[in-house]
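Novice: Sharing model.cif below, mmCIF, C-alpha atoms:
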```
data_target
#
loop_
_atom_site.group_PDB
_atom_site.id
_atom_site.type_symbol
_atom_site.label_atom_id
_atom_site.label_comp_id
_atom_site.auth_asym_id
_atom_site.auth_seq_id
_atom_site.Cartn_x
_atom_site.Cartn_y
_atom_site.Cartn_z
ATOM 1 C CA MET A 2 -16.106 -51.208 -52.558
ATOM 2 C CA SER A 3 -17.690 -51.980 -49.270
ATOM 3 C CA GLY A 4 -16.780 -51.553 -45.648
ATOM 4 C CA SER A 5 -16.264 -48.534 -43.467
ATOM 5 C CA ARG A 6 -15.132 -45.146 -44.720
ATOM 6 C CA GLU A 7 -11.579 -45.901 -43.590
ATOM 7 C CA GLU A 8 -11.585 -49.329 -45.241
ATOM 8 C CA ARG A 9 -12.752 -47.852 -48.560
ATOM 9 C CA ARG A 10 -10.051 -45.189 -48.381
ATOM 10 C CA ASP A 11 -7.412 -47.826 -47.632
ATOM 11 C CA GLN A 12 -8.633 -49.881 -50.606
ATOM 12 C CA LEU A 13 -8.296 -46.863 -52.884
ATOM 13 C CA VAL A 14 -4.783 -46.208 -51.580
ATOM 14 C CA ASP A 15 -3.883 -49.816 -52.436
ATOM 15 C CA VAL A 16 -5.303 -49.432 -55.957
ATOM 16 C CA TYR A 17 -3.369 -46.166 -56.388
ATOM 17 C CA ARG A 18 -0.123 -47.829 -55.326
ATOM 18 C CA GLU A 19 -0.678 -50.605 -57.852
ATOM 19 C CA ALA A 20 -1.565 -48.132 -60.622
ATOM 20 C CA SER A 21 1.446 -45.930 -59.911
ATOM 21 C CA THR A 22 3.844 -48.712 -60.901
ATOM 22 C CA CYS A 23 1.712 -50.380 -63.577
ATOM 23 C CA THR A 24 3.240 -50.780 -67.043
ATOM 24 C CA ARG A 25 0.515 -52.895 -68.673
ATOM 25 C CA CYS A 26 -0.897 -50.235 -71.004
ATOM 26 C CA PRO A 27 0.633 -47.765 -73.487
ATOM 27 C CA LEU A 28 0.058 -44.822 -71.096
ATOM 28 C CA ALA A 29 2.970 -46.097 -69.007
ATOM 29 C CA GLU A 30 5.383 -45.402 -71.862
ATOM 30 C CA THR A 31 4.717 -41.657 -71.999
ATOM 31 C CA ARG A 32 3.192 -40.584 -68.690
ATOM 32 C CA THR A 33 4.891 -38.253 -66.273
ATOM 33 C CA SER A 34 2.604 -39.195 -63.409
ATOM 34 C CA VAL A 35 -0.373 -41.416 -62.699
ATOM 35 C CA VAL A 36 -3.578 -39.395 -62.652
ATOM 36 C CA PHE A 37 -5.609 -41.427 -60.205
ATOM 37 C CA GLY A 38 -8.213 -39.167 -58.700
ATOM 38 C CA ALA A 39 -9.094 -36.505 -56.213
ATOM 39 C CA GLY A 40 -11.979 -35.848 -53.887
ATOM 40 C CA ASP A 41 -14.144 -37.699 -51.421
ATOM 41 C CA ALA A 42 -13.682 -41.474 -51.521
ATOM 42 C CA ASN A 43 -17.281 -41.777 -50.325
ATOM 43 C CA ALA A 44 -18.886 -39.545 -52.961
ATOM 44 C CA ASP A 45 -22.149 -40.633 -54.553
ATOM 45 C CA LEU A 46 -20.950 -39.652 -58.031
ATOM 46 C CA MET A 47 -17.642 -40.242 -59.808
ATOM 47 C CA PHE A 48 -16.394 -38.949 -63.161
ATOM 48 C CA ILE A 49 -14.000 -41.202 -65.053
ATOM 49 C CA GLY A 50 -12.015 -39.844 -67.973
ATOM 50 C CA GLU A 51 -10.769 -41.792 -70.964
ATOM 51 C CA ALA A 52 -7.138 -40.804 -70.496
ATOM 52 C CA PRO A 53 -5.377 -37.839 -68.914
ATOM 53 C CA GLY A 54 -4.444 -34.890 -71.075
ATOM 54 C CA ALA A 55 -1.112 -33.109 -70.975
ATOM 55 C CA GLU A 56 -2.075 -30.772 -68.126
ATOM 56 C CA GLU A 57 -3.511 -33.623 -66.045
ATOM 57 C CA ASP A 58 -0.311 -35.610 -66.589
ATOM 58 C CA ARG A 59 1.829 -32.603 -65.630
ATOM 59 C CA GLN A 60 -0.099 -31.883 -62.410
ATOM 60 C CA GLY A 61 -1.093 -35.448 -61.553
ATOM 61 C CA LEU A 62 -4.690 -34.325 -61.001
ATOM 62 C CA PRO A 63 -7.821 -35.201 -62.990
ATOM 63 C CA PHE A 64 -9.817 -32.702 -65.057
ATOM 64 C CA VAL A 65 -7.511 -29.694 -64.672
ATOM 65 C CA GLY A 66 -7.041 -29.248 -68.426
ATOM 66 C CA ARG A 67 -9.466 -28.533 -71.254
ATOM 67 C CA ALA A 68 -11.877 -31.330 -70.274
ATOM 68 C CA GLY A 69 -12.132 -29.924 -66.760
ATOM 69 C CA VAL A 70 -13.412 -26.610 -68.079
ATOM 70 C CA LEU A 71 -16.581 -28.435 -69.171
ATOM 71 C CA LEU A 72 -17.231 -29.609 -65.605
ATOM 72 C CA VAL A 73 -17.222 -26.163 -64.017
#
```
Would you mind giving the structure from this file in C-alpha coordinates?

Specialist:
Amino acid sequence: MSGSREERRDQLVDVYREASTCTRCPLAETRTSVVFGAGDANADLMFIGEAPGAEEDRQGLPFVGRAGVLLV
(Lines of atoms letter the chains of each structure in order from A and count residues from 1; the text may use other names and numbers.)
(Lines give C-alpha, C1' and ligand atoms only; values in the text may rest on other atoms or scores of the structure.)
Protein backbone atom coordinates (compact mmCIF):
# COMPACT_ATOMS: atom_id res chain seq x y z
CA MET A 1 0.00 0.00 0.00
CA SER A 2 1.27 3.40 -0.84
CA GLY A 3 0.14 6.94 -0.27
CA SER A 4 -0.27 9.04 2.83
CA ARG A 5 -1.02 7.67 6.27
CA GLU A 6 -4.69 8.54 5.84
CA GLU A 7 -4.86 6.94 2.39
CA ARG A 8 -3.34 3.70 3.70
CA ARG A 9 -5.81 3.64 6.58
CA ASP A 10 -8.71 4.23 4.19
CA GLN A 11 -7.45 1.38 1.98
CA LEU A 12 -7.37 -0.95 4.98
CA VAL A 13 -10.90 0.08 5.95
CA ASP A 14 -12.04 -0.79 2.41
CA VAL A 15 -10.34 -4.20 2.61
CA TYR A 16 -11.96 -4.82 6.01
CA ARG A 17 -15.40 -3.97 4.65
CA GLU A 18 -14.90 -6.42 1.79
CA ALA A 19 -13.61 -9.15 4.12
CA SER A 20 -16.47 -8.69 6.58
CA THR A 21 -19.02 -9.81 3.99
CA CYS A 22 -16.85 -12.30 2.10
CA THR A 23 -18.15 -15.87 1.76
CA ARG A 24 -15.50 -17.26 -0.60
CA CYS A 25 -13.71 -19.52 1.88
CA PRO A 26 -14.84 -22.14 4.43
CA LEU A 27 -14.19 -19.75 7.36
CA ALA A 28 -17.34 -17.87 6.37
CA GLU A 29 -19.48 -20.90 7.21
CA THR A 30 -18.49 -21.04 10.88
CA ARG A 31 -17.12 -17.64 11.89
CA THR A 32 -18.78 -15.38 14.40
CA SER A 33 -16.80 -12.35 13.32
CA VAL A 34 -14.08 -11.39 10.88
CA VAL A 35 -10.73 -11.14 12.62
CA PHE A 36 -9.05 -8.52 10.47
CA GLY A 37 -6.38 -6.86 12.54
CA ALA A 38 -5.46 -4.35 15.16
CA GLY A 39 -2.71 -1.83 15.62
CA ASP A 40 -0.89 0.81 13.65
CA ALA A 41 -1.66 0.73 9.92
CA ASN A 42 1.81 2.19 9.34
CA ALA A 43 3.78 -0.35 11.38
CA ASP A 44 7.04 -1.69 9.99
CA LEU A 45 6.19 -5.25 11.00
CA MET A 46 2.98 -7.26 10.66
CA PHE A 47 2.09 -10.71 11.99
CA ILE A 48 -0.35 -12.75 9.91
CA GLY A 49 -2.00 -15.82 11.37
CA GLU A 50 -3.18 -18.87 9.47
CA ALA A 51 -6.74 -18.68 10.77
CA PRO A 52 -8.36 -17.27 13.90
CA GLY A 53 -8.88 -19.53 16.88
CA ALA A 54 -12.05 -19.70 18.93
CA GLU A 55 -11.10 -16.82 21.23
CA GLU A 56 -10.06 -14.60 18.31
CA ASP A 57 -13.37 -15.35 16.59
CA ARG A 58 -15.31 -14.59 19.78
CA GLN A 59 -13.56 -11.25 20.40
CA GLY A 60 -12.94 -10.28 16.78
CA LEU A 61 -9.31 -9.48 17.61
CA PRO A 62 -6.13 -11.22 16.44
CA PHE A 63 -3.78 -13.17 18.72
CA VAL A 64 -5.85 -12.99 21.92
CA GLY A 65 -6.01 -16.78 22.33
CA ARG A 66 -3.34 -19.43 22.79
CA ALA A 67 -1.25 -18.24 19.82
CA GLY A 68 -1.13 -14.73 21.26
CA VAL A 69 0.52 -16.00 24.43
CA LEU A 70 3.59 -16.83 22.33
CA LEU A 71 3.88 -13.21 21.18
CA VAL A 72 4.05 -11.67 24.64

Novice: When distances are computed from only C-alpha atoms, which of A:Asp58, A:Leu72, A:Pro63, A:Glu7 shows the smallest separation from Thr33 in chain A?

Specialist: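 Looking only at the distances to Thr33 in chain A, the closest residue turns out to be A:Asp58.
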
Novice: Applied to the shown file, which residues does the PyMOL selection byres ((chain A and resi 39) around 12) return, written as a list of chain:residue names?

Specialist: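 Taken over the shown coordinates, the PyMOL selection byres ((chain A and resi 39) around 12) returns A:Arg10, A:Leu13, A:Val14, A:Tyr17, A:Val35, A:Val36, A:Phe37, A:Gly38, A:Gly40, A:Asp41, A:Ala42, A:Asn43, A:Ala44, A:Met47, A:Phe48, A:Ile49, A:Glu57, A:Gln60, A:Gly61, A:Leu62, A:Pro63, A:Phe64, A:Val65.
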
Novice: In Å to one decimal, how far is CA of Arg32 in chain A from CA of Arg59 in chain A?

Specialist: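 So the two atoms, CA of Arg59 in chain A and CA of Arg32 in chain A, lie 8.7 Å apart.
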
Novice: In Å, with one decimal, what is the gap from CA of Glu51 in chain A to CA of Asp15 in chain A?

Specialist: 21.3 Å

Novice: Would you compute the distance between CA of Gly54 in chain A and CA of Gly66 in chain A? Give it in Å to one decimal.

Specialist: 6.8 Å

Novice: Using all atoms listed in the file, pick whichever of A:Val16, A:Leu46, A:Ala52, A:Val73 has the shortest atom-to-atom distance to Ala29 in chain A.

Specialist: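 Under the stated criterion, the closest residue is A:Ala52.
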
Novice: Taking all atoms listed in the file into account, name the residue in A:Pro53, A:Ser5, A:Gly69, A:Ser34 that is nearest to Ser21 in chain A.

Specialist: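 With all atoms listed in the file as the atom set, the closest residue is A:Ser34.
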